[in-house]
$ cat start-v1.cif   # mmCIF, C-alpha atoms
data_query
#
loop_
_atom_site.label_atom_id
_atom_site.label_comp_id
_atom_site.auth_asym_id
_atom_site.auth_seq_id
_atom_site.Cartn_x
_atom_site.Cartn_y
_atom_site.Cartn_z
CA GLY A 1 -1.09 14.57 9.86
CA GLU A 2 1.22 13.35 7.15
CA ASN A 3 0.34 14.42 3.62
CA VAL A 4 1.85 12.82 0.53
CA GLU A 5 1.53 14.42 -2.89
CA GLN A 6 2.44 12.51 -6.03
CA HIS A 7 3.02 13.89 -9.52
CA PRO A 8 2.24 13.46 -12.32
CA SER A 9 -1.06 11.61 -12.15
CA THR A 10 -0.51 10.18 -15.64
CA LEU A 11 2.68 9.75 -17.63
CA SER A 12 3.05 8.49 -21.18
CA VAL A 13 6.51 7.68 -22.54
CA GLN A 14 7.96 5.99 -25.58
CA GLU A 15 9.55 2.60 -25.03
CA GLY A 16 13.21 3.06 -24.17
CA ASP A 17 12.73 6.52 -22.68
CA SER A 18 13.06 7.32 -18.97
CA ALA A 19 10.20 8.01 -16.58
CA VAL A 20 10.36 10.04 -13.39
CA ILE A 21 7.67 10.22 -10.71
CA LYS A 22 7.99 12.57 -7.75
CA CYS A 23 6.47 12.61 -4.29
CA THR A 24 6.57 15.23 -1.58
CA TYR A 25 5.71 14.71 2.06
CA SER A 26 5.09 16.91 5.08
CA ASP A 27 6.39 15.05 8.16
CA SER A 28 10.12 15.62 8.57
CA ALA A 29 10.28 12.67 11.00
CA SER A 30 9.43 10.17 8.25
CA ASN A 31 12.24 7.69 7.62
CA TYR A 32 11.02 5.05 5.22
CA PHE A 33 9.88 5.55 1.62
CA PRO A 34 8.71 2.57 -0.47
CA TRP A 35 7.43 2.49 -4.03
CA TYR A 36 4.78 0.04 -5.16
CA LYS A 37 3.68 -1.02 -8.64
CA GLN A 38 0.09 -2.09 -9.13
CA GLU A 39 -1.10 -3.70 -12.33
CA LEU A 40 -4.79 -3.73 -13.12
CA GLY A 41 -6.67 -6.03 -10.77
CA LYS A 42 -3.54 -7.10 -8.91
CA ARG A 43 -1.89 -6.44 -5.56
CA PRO A 44 0.56 -3.59 -5.01
CA GLN A 45 4.08 -4.99 -5.37
CA LEU A 46 7.10 -3.41 -3.75
CA ILE A 47 9.62 -2.44 -6.41
CA ILE A 48 12.13 -0.44 -4.40
CA ASP A 49 12.40 1.32 -1.05
CA ILE A 50 14.77 3.69 0.66
CA ARG A 51 15.49 4.68 4.23
CA SER A 52 16.47 8.15 5.33
CA ASN A 53 20.10 7.32 5.99
CA VAL A 54 20.57 6.78 2.24
CA GLY A 55 20.24 9.40 -0.52
CA GLU A 56 19.92 7.07 -3.50
CA LYS A 57 19.28 3.42 -4.18
CA LYS A 58 19.37 1.58 -7.49
CA ASP A 59 18.12 -1.81 -8.64
CA GLN A 60 18.80 -2.49 -12.31
CA ARG A 61 16.56 -0.08 -14.29
CA ILE A 62 14.88 1.37 -11.21
CA ALA A 63 16.29 3.97 -8.83
CA VAL A 64 14.94 6.09 -6.01
CA THR A 65 16.42 9.36 -4.81
CA LEU A 66 15.62 11.04 -1.51
CA ASN A 67 16.06 14.66 -0.49
CA LYS A 68 15.19 14.87 3.20
CA THR A 69 15.86 18.58 3.42
CA ALA A 70 13.33 19.35 0.70
CA LYS A 71 11.09 16.46 1.80
CA HIS A 72 10.75 14.84 -1.59
CA PHE A 73 11.72 11.57 -3.21
CA SER A 74 11.55 10.35 -6.77
CA LEU A 75 11.29 7.12 -8.73
CA HIS A 76 13.37 6.84 -11.87
CA ILE A 77 12.79 4.12 -14.44
CA THR A 78 15.27 3.94 -17.30
CA GLU A 79 14.94 2.08 -20.61
CA THR A 80 11.20 1.71 -20.10
CA GLN A 81 9.44 -1.36 -21.47
CA PRO A 82 5.73 -1.95 -22.20
CA GLU A 83 5.55 -4.25 -19.17
CA ASP A 84 6.42 -1.25 -16.99
CA SER A 85 2.92 0.08 -17.75
CA ALA A 86 1.01 0.14 -14.44
CA VAL A 87 0.00 2.46 -11.62
CA TYR A 88 2.87 3.42 -9.34
CA PHE A 89 2.33 4.52 -5.74
CA CYS A 90 4.79 6.18 -3.44
CA ALA A 91 4.34 5.79 0.29
CA VAL A 92 5.75 7.30 3.47
CA GLU A 93 6.00 5.63 6.85
CA VAL A 94 4.59 7.90 9.51
CA ASP A 95 6.80 8.51 12.53
CA SER A 96 8.23 4.95 12.70
CA SER A 97 4.70 3.72 13.36
CA TYR A 98 4.56 1.05 10.63
CA LYS A 99 1.66 3.03 9.13
CA LEU A 100 2.11 3.83 5.45
CA ILE A 101 0.53 6.88 3.86
CA PHE A 102 0.21 6.49 0.10
CA GLY A 103 0.28 9.01 -2.69
CA SER A 104 -2.59 9.17 -5.15
CA GLY A 105 -0.76 7.16 -7.80
CA THR A 106 0.76 7.71 -11.25
CA ARG A 107 -0.58 5.83 -14.23
CA LEU A 108 2.43 5.07 -16.44
CA LEU A 109 1.88 4.08 -20.05
CA VAL A 110 4.85 2.91 -22.07
CA ARG A 111 4.09 3.09 -25.80
CA PRO A 112 5.77 0.39 -27.93
CA GLU B 113 4.33 -13.31 -5.59
CA THR B 114 4.24 -12.83 -1.81
CA GLY B 115 3.08 -15.49 0.65
CA VAL B 116 0.22 -13.29 1.84
CA THR B 117 -3.23 -14.67 1.08
CA GLN B 118 -6.70 -13.19 1.51
CA SER B 119 -10.21 -14.57 1.40
CA PRO B 120 -12.68 -14.27 -0.09
CA THR B 121 -11.62 -12.81 -3.44
CA HIS B 122 -14.92 -11.06 -4.05
CA LEU B 123 -17.90 -10.33 -1.87
CA ILE B 124 -21.26 -8.67 -2.44
CA LYS B 125 -23.24 -7.38 0.53
CA THR B 126 -26.18 -5.08 1.06
CA ARG B 127 -26.24 -1.90 3.08
CA GLY B 128 -26.48 -2.52 6.84
CA GLN B 129 -24.98 -6.01 6.72
CA GLN B 130 -21.76 -7.12 8.38
CA VAL B 131 -18.69 -8.63 6.71
CA THR B 132 -15.55 -10.46 7.80
CA LEU B 133 -12.44 -10.52 5.63
CA ARG B 134 -9.46 -12.79 6.30
CA CYS B 135 -5.73 -12.52 5.80
CA SER B 136 -2.94 -15.04 6.24
CA SER B 137 0.43 -13.44 6.73
CA GLN B 138 3.65 -14.52 5.10
CA SER B 139 5.64 -17.10 7.03
CA GLY B 140 7.87 -15.43 9.63
CA HIS B 141 5.84 -12.21 9.69
CA ASN B 142 4.22 -11.04 12.93
CA THR B 143 2.52 -7.82 11.83
CA VAL B 144 -0.58 -7.33 9.67
CA SER B 145 -1.81 -3.99 8.36
CA TRP B 146 -5.14 -3.43 6.64
CA TYR B 147 -5.80 -0.89 3.92
CA GLN B 148 -8.87 0.25 1.99
CA GLN B 149 -8.34 1.11 -1.68
CA ALA B 150 -11.19 2.90 -3.40
CA LEU B 151 -11.26 2.80 -7.18
CA GLY B 152 -8.59 5.03 -8.69
CA GLN B 153 -7.02 5.93 -5.35
CA GLY B 154 -4.09 4.90 -3.24
CA PRO B 155 -4.53 2.51 -0.31
CA GLN B 156 -5.68 4.13 2.94
CA PHE B 157 -4.46 2.77 6.26
CA ILE B 158 -7.21 1.27 8.44
CA PHE B 159 -5.26 -0.29 11.32
CA GLN B 160 -2.38 -2.58 12.15
CA TYR B 161 -2.01 -5.60 14.41
CA TYR B 162 1.25 -6.58 16.04
CA ARG B 163 1.43 -9.68 18.23
CA GLU B 164 -2.37 -9.80 18.52
CA GLU B 165 -2.74 -6.17 19.67
CA GLU B 166 -3.97 -3.19 17.67
CA ASN B 167 -0.93 -1.04 16.99
CA GLY B 168 -2.20 2.12 15.33
CA ARG B 169 -5.37 3.14 13.57
CA GLY B 170 -6.23 5.42 10.67
CA ASN B 171 -9.28 7.65 10.25
CA PHE B 172 -11.88 4.91 10.14
CA PRO B 173 -14.95 4.66 12.41
CA PRO B 174 -15.28 2.03 15.17
CA ARG B 175 -17.50 -0.13 12.97
CA PHE B 176 -14.21 -1.19 11.37
CA SER B 177 -12.62 -3.64 13.79
CA GLY B 178 -10.09 -6.41 13.64
CA LEU B 179 -8.38 -9.33 15.25
CA GLN B 180 -5.05 -11.05 15.03
CA PHE B 181 -4.64 -14.69 15.98
CA PRO B 182 -1.68 -16.49 17.61
CA ASN B 183 -0.55 -17.70 14.16
CA TYR B 184 -0.52 -14.00 13.09
CA SER B 185 -3.38 -14.35 10.64
CA SER B 186 -5.92 -11.56 10.88
CA GLU B 187 -9.54 -10.62 10.32
CA LEU B 188 -11.13 -7.33 9.37
CA ASN B 189 -14.75 -6.89 10.41
CA VAL B 190 -17.01 -4.15 9.13
CA ASN B 191 -20.44 -3.61 10.69
CA ALA B 192 -23.40 -1.65 9.37
CA LEU B 193 -22.04 -1.57 5.82
CA GLU B 194 -22.44 1.63 3.83
CA LEU B 195 -22.31 2.12 0.07
CA ASP B 196 -18.99 3.99 0.44
CA ASP B 197 -17.43 0.89 1.97
CA SER B 198 -17.27 -0.61 -1.52
CA ALA B 199 -13.56 -0.95 -2.22
CA LEU B 200 -10.61 -3.30 -2.49
CA TYR B 201 -9.46 -4.32 0.98
CA LEU B 202 -5.79 -5.14 1.17
CA CYS B 203 -3.81 -6.65 3.97
CA ALA B 204 -0.05 -6.42 4.19
CA SER B 205 2.24 -8.45 6.40
CA SER B 206 5.67 -7.60 7.71
CA PHE B 207 8.16 -8.59 10.34
CA GLY B 208 8.04 -5.76 12.84
CA GLN B 209 9.11 -2.53 11.17
CA GLY B 210 10.11 -4.29 7.99
CA THR B 211 8.87 -4.08 4.45
CA GLN B 212 5.13 -4.58 3.99
CA TYR B 213 4.06 -7.21 1.46
CA PHE B 214 0.52 -7.07 0.18
CA GLY B 215 -2.03 -9.80 -0.35
CA PRO B 216 -4.20 -9.94 -3.49
CA GLY B 217 -7.08 -8.15 -1.80
CA THR B 218 -10.79 -8.72 -1.32
CA ARG B 219 -13.10 -6.71 -3.52
CA LEU B 220 -16.18 -5.74 -1.52
CA THR B 221 -19.27 -4.42 -3.24
CA VAL B 222 -22.05 -2.95 -1.10
CA LEU B 223 -25.43 -2.61 -2.81
#

$ encode --input "start-v1.cif" --output "structure tokens"
Amino acid sequence: GENVEQHPSTLSVQEGDSAVIKCTYSDSASNYFPWYKQELGKRPQLIIDIRSNVGEKKDQRIAVTLNKTAKHFSLHITETQPEDSAVYFCAVEVDSSYKLIFGSGTRLLVRP
Amino acid sequence: ETGVTQSPTHLIKTRGQQVTLRCSSQSGHNTVSWYQQALGQGPQFIFQYYREEENGRGNFPPRFSGLQFPNYSSELNVNALELDDSALYLCASSFGQGTQYFGPGTRLTVL
């Protein structure tokens, strides 16, 4: 079955620096790759997503890049702010089935 | 915030009991997916309902079952509760193959 690996598990950056989180997946048929942000005790919130017909997508300080050949995609956050501190999950849709397989999460800490 | 709601917010049960969790999907959405999130882990797919039919299932035993109603709200039922069932249960609604939006979750504790 699909396997999603996410790295790093924790990431600490200084406010204003950039943060990059990377995920790799195994199923080459996967076509949809969302990223969710989950603050402590709250629901996962979609922050950006990308489909396989696009290599990069940007929304203000957040961008996602996709390399289908290498089967990996990355979340880039620029000009980090303390409110960016949270756990970030990547996910992969399995075989157009609506089923999302999640990575294990990255705890991002932005130091003021 | 999304329009997805879940009830109850918290629940405490004892081993062997049964539990029903509820989810109201966002207006216009016809698909509900359920996920189990253990502490410190990513959500794990349980199953999905599309137009009142189960449409895919993850690696969960048959004691995890569900329903979807004509208004697209959904229930998750868990029988014969085990200690390892303690987790945050999340539902997510979507329109067909669209983006999934999560509810706030139900935190289940099994003693």

$ closest_atom_pairs --input "start-v1.cif" --of "range 17-111 of chain A" --to "range 136-152 of chain B" --cutoff "9 Å" --atoms "only C-alpha atoms" --output "tab-separated table"
residue	atom	partner	partner_atom	distance
A:Tyr98	CA	B:Ser145	CA	8.4
A:Lys99	CA	B:Ser145	CA	7.9
A:Ser104	CA	B:Gly152	CA	8.1
A:Gly105	CA	B:Gly152	CA	8.2

$ atom_distance --input "start-v1.cif" --atom1 "CA of Asp84 in chain A" --atom2 "CA of Thr211 in chain B"
21.8 Å

$ closest_atom_pairs --input "start-v1.cif" --of "chain B" --to "chain A" --cutoff "7 Å" --atoms "all atoms listed in the file" --output "CSV"
residue,atom,partner,partner_atom,distance
B:Gln153,CA,A:Ser104,CA,5.5
B:Gly154,CA,A:Ser104,CA,4.9
B:Pro155,CA,A:Phe102,CA,6.2
B:Gln156,CA,A:Ile101,CA,6.9
B:Phe157,CA,A:Leu100,CA,6.7
B:Gln209,CA,A:Tyr98,CA,5.8
B:Phe214,CA,A:Pro44,CA,6.2
B:Gly215,CA,A:Arg43,CA,6.2
B:Pro216,CA,A:Arg43,CA,4.7
B:Gly217,CA,A:Arg43,CA,6.6

$ write_last_selection --input "start-v1.cif" --atoms "C-alpha atoms" --output "PDB file, in the frame of the given file"
ATOM      1  CA  GLN B 153      -7.020   5.930  -5.350  1.00  0.00           C
ATOM      2  CA  GLY B 154      -4.090   4.900  -3.240  1.00  0.00           C
ATOM      3  CA  PRO B 155      -4.530   2.510  -0.310  1.00  0.00           C
ATOM      4  CA  GLN B 156      -5.680   4.130   2.940  1.00  0.00           C
ATOM      5  CA  PHE B 157      -4.460   2.770   6.260  1.00  0.00           C
ATOM      6  CA  GLN B 209       9.110  -2.530  11.170  1.00  0.00           C
ATOM      7  CA  PHE B 214       0.520  -7.070   0.180  1.00  0.00           C
ATOM      8  CA  GLY B 215      -2.030  -9.800  -0.350  1.00  0.00           C
ATOM      9  CA  PRO B 216      -4.200  -9.940  -3.490  1.00  0.00           C
ATOM     10  CA  GLY B 217      -7.080  -8.150  -1.800  1.00  0.00           C
TER      11      GLY B 217
END

$ residues_around --input "start-v1.cif" --residues "Arg175 in chain B" --least-positions-apart "6" --cutoff "9 Å" --atoms "all atoms listed in the file" --output "PyMOL selection string"
chain B and resi 189-193

$ resolve_selection --input "start-v1.cif" --expression "the PyMOL selection byres ((chain A and resi 61-71) around 12)" --output "ChimeraX atom specification"
/A:2-5,16-37,46-60,72-81,84,90,92

$ atom_distance --input "start-v1.cif" --atom1 "CA of Leu40 in chain A" --atom2 "CA of Ser186 in chain B"
25.3 Å

$ atom_distance --input "start-v1.cif" --atom1 "CA of Gln38 in chain A" --atom2 "CA of Ala86 in chain A"
5.8 Å

$ decode --input "start-v1.cif" --residues "range 192-203 of chain B" --atoms "all heavy atoms" --output "PDB file, in the first residue's frame"
ATOM      1  N   ALA B 192     -17.357  -2.948  21.145  1.00  0.00           N
ATOM      2  CA  ALA B 192     -16.349  -3.670  21.915  1.00  0.00           C
ATOM      3  C   ALA B 192     -15.073  -2.845  22.063  1.00  0.00           C
ATOM      4  O   ALA B 192     -13.976  -3.266  21.655  1.00  0.00           O
ATOM      5  CB  ALA B 192     -16.048  -5.013  21.255  1.00  0.00           C
ATOM      6  N   LEU B 193     -15.207  -1.665  22.635  1.00  0.00           N
ATOM      7  CA  LEU B 193     -14.086  -0.735  22.733  1.00  0.00           C
ATOM      8  C   LEU B 193     -12.872  -1.354  23.418  1.00  0.00           C
ATOM      9  O   LEU B 193     -12.994  -2.106  24.396  1.00  0.00           O
ATOM     10  CB  LEU B 193     -14.518   0.520  23.494  1.00  0.00           C
ATOM     11  CG  LEU B 193     -15.372   1.510  22.699  1.00  0.00           C
ATOM     12  CD1 LEU B 193     -16.009   2.529  23.633  1.00  0.00           C
ATOM     13  CD2 LEU B 193     -14.550   2.189  21.627  1.00  0.00           C
ATOM     14  N   GLU B 194     -11.698  -1.007  22.868  1.00  0.00           N
ATOM     15  CA  GLU B 194     -10.428  -1.444  23.433  1.00  0.00           C
ATOM     16  C   GLU B 194      -9.645  -0.204  23.876  1.00  0.00           C
ATOM     17  O   GLU B 194      -9.904   0.900  23.397  1.00  0.00           O
ATOM     18  CB  GLU B 194      -9.635  -2.244  22.398  1.00  0.00           C
ATOM     19  CG  GLU B 194     -10.361  -3.473  21.907  1.00  0.00           C
ATOM     20  CD  GLU B 194      -9.593  -4.217  20.820  1.00  0.00           C
ATOM     21  OE1 GLU B 194      -8.492  -3.764  20.447  1.00  0.00           O
ATOM     22  OE2 GLU B 194     -10.117  -5.261  20.353  1.00  0.00           O
ATOM     23  N   LEU B 195      -8.681  -0.426  24.773  1.00  0.00           N
ATOM     24  CA  LEU B 195      -7.896   0.703  25.268  1.00  0.00           C
ATOM     25  C   LEU B 195      -7.225   1.463  24.126  1.00  0.00           C
ATOM     26  O   LEU B 195      -7.157   2.702  24.141  1.00  0.00           O
ATOM     27  CB  LEU B 195      -6.835   0.222  26.255  1.00  0.00           C
ATOM     28  CG  LEU B 195      -7.346  -0.440  27.537  1.00  0.00           C
ATOM     29  CD1 LEU B 195      -6.180  -0.884  28.423  1.00  0.00           C
ATOM     30  CD2 LEU B 195      -8.270   0.492  28.311  1.00  0.00           C
ATOM     31  N   ASP B 196      -6.764   0.726  23.104  1.00  0.00           N
ATOM     32  CA  ASP B 196      -6.068   1.353  21.967  1.00  0.00           C
ATOM     33  C   ASP B 196      -6.985   2.189  21.076  1.00  0.00           C
ATOM     34  O   ASP B 196      -6.504   2.860  20.171  1.00  0.00           O
ATOM     35  CB  ASP B 196      -5.394   0.279  21.098  1.00  0.00           C
ATOM     36  CG  ASP B 196      -4.142  -0.264  21.761  1.00  0.00           C
ATOM     37  OD1 ASP B 196      -3.704   0.335  22.780  1.00  0.00           O
ATOM     38  OD2 ASP B 196      -3.604  -1.272  21.276  1.00  0.00           O
ATOM     39  N   ASP B 197      -8.280   2.131  21.335  1.00  0.00           N
ATOM     40  CA  ASP B 197      -9.212   2.964  20.560  1.00  0.00           C
ATOM     41  C   ASP B 197      -9.203   4.409  21.064  1.00  0.00           C
ATOM     42  O   ASP B 197      -9.809   5.285  20.440  1.00  0.00           O
ATOM     43  CB  ASP B 197     -10.636   2.414  20.644  1.00  0.00           C
ATOM     44  CG  ASP B 197     -10.770   1.040  19.994  1.00  0.00           C
ATOM     45  OD1 ASP B 197      -9.964   0.736  19.081  1.00  0.00           O
ATOM     46  OD2 ASP B 197     -11.664   0.285  20.400  1.00  0.00           O
ATOM     47  N   SER B 198      -8.553   4.659  22.171  1.00  0.00           N
ATOM     48  CA  SER B 198      -8.439   6.026  22.679  1.00  0.00           C
ATOM     49  C   SER B 198      -7.687   6.868  21.657  1.00  0.00           C
ATOM     50  O   SER B 198      -6.548   6.558  21.288  1.00  0.00           O
ATOM     51  CB  SER B 198      -7.683   6.044  24.006  1.00  0.00           C
ATOM     52  OG  SER B 198      -8.396   5.376  25.019  1.00  0.00           O
ATOM     53  N   ALA B 199      -8.338   7.937  21.195  1.00  0.00           N
ATOM     54  CA  ALA B 199      -7.752   8.763  20.136  1.00  0.00           C
ATOM     55  C   ALA B 199      -8.676   9.945  19.854  1.00  0.00           C
ATOM     56  O   ALA B 199      -9.764  10.049  20.419  1.00  0.00           O
ATOM     57  CB  ALA B 199      -7.571   7.944  18.856  1.00  0.00           C
ATOM     58  N   LEU B 200      -8.214  10.807  18.968  1.00  0.00           N
ATOM     59  CA  LEU B 200      -9.057  11.874  18.428  1.00  0.00           C
ATOM     60  C   LEU B 200      -9.661  11.351  17.133  1.00  0.00           C
ATOM     61  O   LEU B 200      -8.940  10.901  16.242  1.00  0.00           O
ATOM     62  CB  LEU B 200      -8.217  13.126  18.149  1.00  0.00           C
ATOM     63  CG  LEU B 200      -8.942  14.341  17.586  1.00  0.00           C
ATOM     64  CD1 LEU B 200      -9.911  14.923  18.616  1.00  0.00           C
ATOM     65  CD2 LEU B 200      -7.936  15.399  17.134  1.00  0.00           C
ATOM     66  N   TYR B 201     -10.970  11.380  17.028  1.00  0.00           N
ATOM     67  CA  TYR B 201     -11.657  10.915  15.828  1.00  0.00           C
ATOM     68  C   TYR B 201     -12.103  12.129  15.029  1.00  0.00           C
ATOM     69  O   TYR B 201     -12.865  12.970  15.522  1.00  0.00           O
ATOM     70  CB  TYR B 201     -12.832  10.006  16.189  1.00  0.00           C
ATOM     71  CG  TYR B 201     -12.342   8.670  16.679  1.00  0.00           C
ATOM     72  CD1 TYR B 201     -11.990   8.487  18.013  1.00  0.00           C
ATOM     73  CD2 TYR B 201     -12.159   7.600  15.804  1.00  0.00           C
ATOM     74  CE1 TYR B 201     -11.485   7.282  18.471  1.00  0.00           C
ATOM     75  CE2 TYR B 201     -11.656   6.388  16.247  1.00  0.00           C
ATOM     76  CZ  TYR B 201     -11.324   6.235  17.578  1.00  0.00           C
ATOM     77  OH  TYR B 201     -10.812   5.044  18.017  1.00  0.00           O
ATOM     78  N   LEU B 202     -11.612  12.198  13.819  1.00  0.00           N
ATOM     79  CA  LEU B 202     -11.866  13.330  12.945  1.00  0.00           C
ATOM     80  C   LEU B 202     -12.725  12.899  11.769  1.00  0.00           C
ATOM     81  O   LEU B 202     -12.514  11.834  11.197  1.00  0.00           O
ATOM     82  CB  LEU B 202     -10.535  13.873  12.399  1.00  0.00           C
ATOM     83  CG  LEU B 202      -9.567  14.473  13.415  1.00  0.00           C
ATOM     84  CD1 LEU B 202      -8.151  14.496  12.847  1.00  0.00           C
ATOM     85  CD2 LEU B 202     -10.002  15.875  13.799  1.00  0.00           C
ATOM     86  N   CYS B 203     -13.675  13.734  11.421  1.00  0.00           N
ATOM     87  CA  CYS B 203     -14.354  13.526  10.159  1.00  0.00           C
ATOM     88  C   CYS B 203     -13.968  14.673   9.228  1.00  0.00           C
ATOM     89  O   CYS B 203     -13.602  15.764   9.682  1.00  0.00           O
ATOM     90  CB  CYS B 203     -15.865  13.431  10.311  1.00  0.00           C
ATOM     91  SG  CYS B 203     -16.706  14.977  10.659  1.00  0.00           S
TER      92      CYS B 203
END
